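Chemist: My structure is in target-v1.txt, and what it holds is compact mmCIF, C-alpha atoms:
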```txt
# COMPACT_ATOMS: atom_id res chain seq x y z
CA MET A 1 22.00 -1.03 1.68
CA LYS A 2 22.48 -4.79 1.47
CA ALA A 3 19.86 -7.54 1.72
CA THR A 4 19.56 -11.28 1.31
CA VAL A 5 16.56 -13.46 0.51
CA GLY A 6 14.37 -13.73 3.62
CA ASP A 7 15.24 -10.28 4.99
CA ARG A 8 12.45 -7.83 5.74
CA LEU A 9 12.31 -4.52 3.84
CA VAL A 10 10.54 -1.73 5.72
CA LEU A 11 9.43 1.46 3.98
CA ALA A 12 8.74 4.24 6.46
CA SER A 13 6.33 7.01 5.62
CA SER A 14 7.64 10.48 4.89
CA VAL A 15 4.72 12.04 6.80
CA VAL A 16 3.72 11.84 10.45
CA ASP A 17 1.18 9.06 11.09
CA GLY A 18 1.73 7.79 7.54
CA VAL A 19 1.56 4.15 6.53
CA VAL A 20 4.59 1.94 7.02
CA ARG A 21 4.88 -0.94 4.54
CA ASP A 22 6.94 -4.05 4.99
CA GLY A 23 7.63 -7.12 2.98
CA LYS A 24 9.88 -10.11 2.63
CA VAL A 25 12.76 -9.95 0.17
CA VAL A 26 12.18 -12.93 -2.14
CA GLU A 27 14.86 -12.19 -4.74
CA VAL A 28 18.12 -10.25 -4.78
CA ARG A 29 19.46 -9.65 -8.27
CA ASP A 30 22.87 -8.29 -7.32
CA PRO A 31 25.37 -10.89 -6.04
CA GLY A 32 26.59 -8.38 -3.44
CA GLY A 33 23.09 -7.80 -2.05
CA ALA A 34 22.55 -4.32 -3.52
CA PRO A 35 19.12 -3.17 -4.78
CA PRO A 36 16.83 -3.71 -6.56
CA TYR A 37 14.93 -6.36 -4.61
CA LEU A 38 11.86 -8.38 -5.45
CA VAL A 39 9.64 -7.91 -2.38
CA GLU A 40 6.47 -9.74 -1.35
CA TRP A 41 4.39 -7.19 0.60
CA SER A 42 2.83 -8.39 3.86
CA ASP A 43 -0.33 -6.29 3.41
CA THR A 44 -1.25 -7.42 -0.12
CA GLY A 45 0.84 -10.50 -0.87
CA GLU A 46 1.83 -8.87 -4.17
CA ARG A 47 5.39 -8.98 -5.42
CA THR A 48 7.07 -5.87 -6.80
CA LEU A 49 10.56 -4.86 -7.83
CA VAL A 50 11.77 -2.23 -5.36
CA PHE A 51 14.56 0.31 -5.59
CA PRO A 52 14.57 1.42 -1.92
CA GLY A 53 15.04 5.09 -1.12
CA PRO A 54 16.29 6.85 2.01
CA ASP A 55 13.04 6.08 3.84
CA ALA A 56 13.71 2.32 3.70
CA HIS A 57 15.72 -0.06 5.86
CA VAL A 58 16.45 -3.78 5.89
CA GLU A 59 15.86 -6.04 8.89
CA HIS A 60 18.00 -9.14 8.50
CA GLY A 61 16.46 -12.58 9.25
CA GLY A 62 14.42 -12.75 12.44
CA PRO A 63 11.02 -14.10 13.46
CA ASP A 64 9.27 -13.15 10.21
CA ASP A 65 11.41 -15.66 8.32
CA ARG A 66 8.56 -18.09 7.70
CA PRO A 67 7.39 -19.13 4.21
CA PRO A 68 4.51 -17.22 2.64
CA PRO A 69 1.01 -18.67 3.00
CA SER A 70 0.20 -21.35 0.45
CA THR A 71 -3.07 -19.72 -0.63
CA VAL A 72 -3.16 -16.03 -1.43
CA ARG A 73 -6.19 -14.24 -2.78
CA THR A 74 -6.31 -10.72 -4.06
CA TRP A 75 -9.53 -8.76 -4.06
CA ARG A 76 -9.75 -5.33 -5.62
CA VAL A 77 -12.33 -2.62 -5.31
CA GLN A 78 -12.76 -0.52 -8.41
CA VAL A 79 -14.42 2.84 -7.90
CA SER A 80 -15.71 4.96 -10.78
CA LEU A 81 -16.92 8.52 -10.31
CA SER A 82 -19.26 10.53 -12.48
CA HIS A 83 -20.56 14.07 -12.13
CA ASP A 84 -23.88 15.51 -13.31
CA GLY A 85 -24.24 19.12 -12.26
CA ASP A 86 -24.12 19.26 -8.47
CA GLU A 87 -24.51 15.48 -8.09
CA THR A 88 -21.63 13.02 -7.80
CA THR A 89 -22.16 9.28 -8.25
CA ALA A 90 -19.65 6.66 -7.17
CA ARG A 91 -19.87 3.05 -8.32
CA ALA A 92 -17.82 0.57 -6.30
CA VAL A 93 -17.33 -2.97 -7.63
CA LEU A 94 -15.62 -5.79 -5.74
CA VAL A 95 -13.48 -7.83 -8.14
CA THR A 96 -12.60 -11.21 -6.58
CA GLY A 97 -11.61 -13.29 -9.57
CA SER A 98 -14.91 -15.18 -9.67
CA PRO A 99 -17.52 -14.40 -12.32
CA GLU A 100 -19.88 -12.83 -9.79
CA HIS A 101 -19.12 -9.29 -8.67
CA LEU A 102 -20.74 -7.29 -5.92
CA GLY A 103 -21.37 -3.63 -6.59
CA ALA A 104 -22.83 -0.61 -4.85
CA VAL A 105 -23.63 2.99 -5.64
CA GLY A 106 -23.20 6.08 -3.49
CA ARG A 107 -24.34 9.60 -4.29
CA ALA A 108 -23.62 13.06 -3.00
CA ARG A 109 -25.30 16.34 -3.89
CA LYS A 110 -23.75 19.74 -3.29
CA ASN A 111 -25.84 22.19 -1.33
CA PRO A 112 -26.46 25.18 -3.63
CA HIS A 113 -25.22 27.51 -0.86
CA ASP A 114 -21.89 25.70 -0.40
CA PRO A 115 -18.71 26.72 -2.25
CA ASP A 116 -17.64 24.59 -5.21
CA ALA A 117 -15.39 21.79 -3.88
CA PRO A 118 -15.79 18.70 -6.10
CA VAL A 119 -13.36 16.60 -4.07
CA ILE A 120 -15.76 16.71 -1.10
CA GLY A 121 -18.58 15.33 -3.23
CA ASP A 122 -16.23 12.61 -4.50
CA GLU A 123 -15.27 11.64 -0.95
CA VAL A 124 -18.85 11.52 0.31
CA ALA A 125 -20.11 9.53 -2.69
CA VAL A 126 -17.21 7.05 -2.48
CA ALA A 127 -17.65 6.62 1.28
CA ARG A 128 -21.35 5.87 0.81
CA ALA A 129 -20.67 3.38 -2.00
CA LEU A 130 -17.97 1.60 0.02
CA ARG A 131 -20.22 1.44 3.10
CA ARG A 132 -22.99 -0.16 1.02
CA LEU A 133 -20.49 -2.54 -0.58
CA ALA A 134 -19.21 -3.57 2.86
CA ASP A 135 -22.81 -4.22 3.97
CA GLN A 136 -23.37 -6.41 0.89
CA ILE A 137 -20.19 -8.39 1.57
CA THR A 138 -21.28 -8.95 5.17
CA GLU A 139 -24.79 -10.01 4.10
CA THR A 140 -23.35 -12.43 1.52
CA ALA A 141 -21.02 -14.00 4.11
CA GLN A 142 -23.91 -14.29 6.55
CA GLU A 143 -26.04 -16.08 3.94
CA GLN A 144 -23.17 -18.45 3.13
CA ILE A 145 -22.70 -19.27 6.83
CA GLU A 146 -26.43 -20.00 7.13
CA ASP A 147 -26.32 -22.22 4.02
CA ALA A 148 -23.30 -24.13 5.34
CA THR A 149 -24.55 -24.60 8.91
CA GLY A 150 -28.31 -24.75 8.39
CA ARG A 151 -28.74 -22.29 11.26
CA PRO A 152 -29.45 -18.56 11.38
CA ALA A 153 -26.31 -16.44 11.51
CA ARG A 154 -25.79 -12.86 12.60
CA LEU A 155 -22.51 -11.09 11.86
CA HIS A 156 -21.71 -8.03 13.92
```
Turn the structure described in the file into structure tokens.
Modeler:
Amino acid sequence: MKATVGDRLVLASSVVDGVVRDGKVVEVRDPGGAPPYLVEWSDTGERTLVFPGPDAHVEHGGPDDRPPPSTVRTWRVQVSLSHDGDETTARAVLVTGSPEHLGAVGRARKNPHDPDAPVIGDEVAVARALRRLADQITETAQEQIEDATGRPARLH
């Protein structure tokens, strides 16, 4: 495998319907174009050093040869899980780099007649916390639109 700066690295998934990641090669350390490559991922904007495996291929040049956006923001959601008997609590916090963070809590309780499957409680609690966090983000954006325009706003 050989690449040059500006080429596109595509990592195919090893499972059916899996995620395919792609990114722009921003640095090639080997003069002959051999790996590893510093890649800027199109989905996150993050840069990582990649040693491509057999599930990867390089697309040389092409239409995606434009410079990266000048402003890149990274937001992270941190989820913490705790268990107390049959109850699972998930706390989701949006970390945006500003001092204010939005957070939400989701809970799940196992039915006493159900078999023990903690991962299901984790999934339900996390889904509920993330749904509430998404609602808070939408409400915050709606309030900011109203403040900026002076008119009522309704996001769908």
Chemist: Could you check which of A:Glu146, A:Gly85, A:Arg131, A:Arg151 is closest to Asp116 (chain A), using all atoms listed in the file?
Modeler: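 Under the stated criterion, the closest residue is A:Gly85.
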Chemist: Find the residue from A:Arg73, A:Met1, A:His156, A:Glu59 that sits nearest to Pro36 (chain A); use all atoms listed in the file when measuring.
Modeler: A:Met1
Chemist: Given the point (-20.1, 10.6, -1.5) in the file's coordinates, find the residues that have an atom at most 7 Å from it, counting only C-alpha atoms, and give them as a PyMOL selection string.
Modeler: chain A and resi 88+90+106-108+121-128
Chemist: Pick the closest to Leu49 (chain A) from A:Val19, A:Leu9, A:Glu100, A:Gly61: which is it, counting only C-alpha atoms?
Modeler: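 Nearest candidate to Leu49 (chain A) out of A:Val19, A:Leu9, A:Glu100, A:Gly61: A:Leu9.
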Chemist: One decimal, in Å: what's the spacing between CA of Gly97 (chain A) and CA of Trp75 (chain A)?
Modeler: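 Between these atoms lies a distance of 7.4 Å.
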Chemist: To one decimal place in Å, what is the distance between CA of Pro118 (chain A) and CA of His101 (chain A)?
Modeler: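 For CA of Pro118 (chain A) relative to CA of His101 (chain A), the distance reads 28.3 Å.
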Chemist: Interatomic distance between CA of Ala92 (chain A) and CA of Thr44 (chain A)?
Modeler: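 Distance between the two atoms: 19.4 Å.
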Chemist: Between A:Ala148, A:Ile137, A:Ala56, A:Leu155, which residue has the minimum interatomic distance to Ala12 (chain A), considering only C-alpha atoms?
Modeler: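 Distance minimum relative to Ala12 (chain A) lands on A:Ala56.
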Chemist: Could you pull the residues within 10 Å of Ala3 (chain A), counting all atoms listed in the file, minus those fewer than 6 positions along the same chain, as a PyMOL selection string?
Modeler: chain A and resi 9+25+27-28+30+32-37+57-61
Chemist: Just checking: using all atoms listed in the file, which residue out of A:Val95, A:Leu81, A:Ile145, A:Ala153 ends up closest to Leu133 (chain A)?
Modeler: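 Between A:Val95, A:Leu81, A:Ile145, A:Ala153, the residue approaching Leu133 (chain A) most closely is A:Val95.
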Chemist: Need to verify the contact set: Thr48 (chain A), 9 Å, all atoms listed in the file, exclusion of same-chain residues closer than 4 positions in sequence. Can you return it as an MDAnalysis selection string?
Modeler: chainID A and resid 37:41
Chemist: Given the choices A:Val105, A:Ala141, A:Glu87, A:Val77, which gets closest to Val119 (chain A) if the distance is worked out from all atoms listed in the file?
Modeler: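 Going through A:Val105, A:Ala141, A:Glu87, A:Val77 one by one, the smallest distance to Val119 (chain A) is for A:Glu87.
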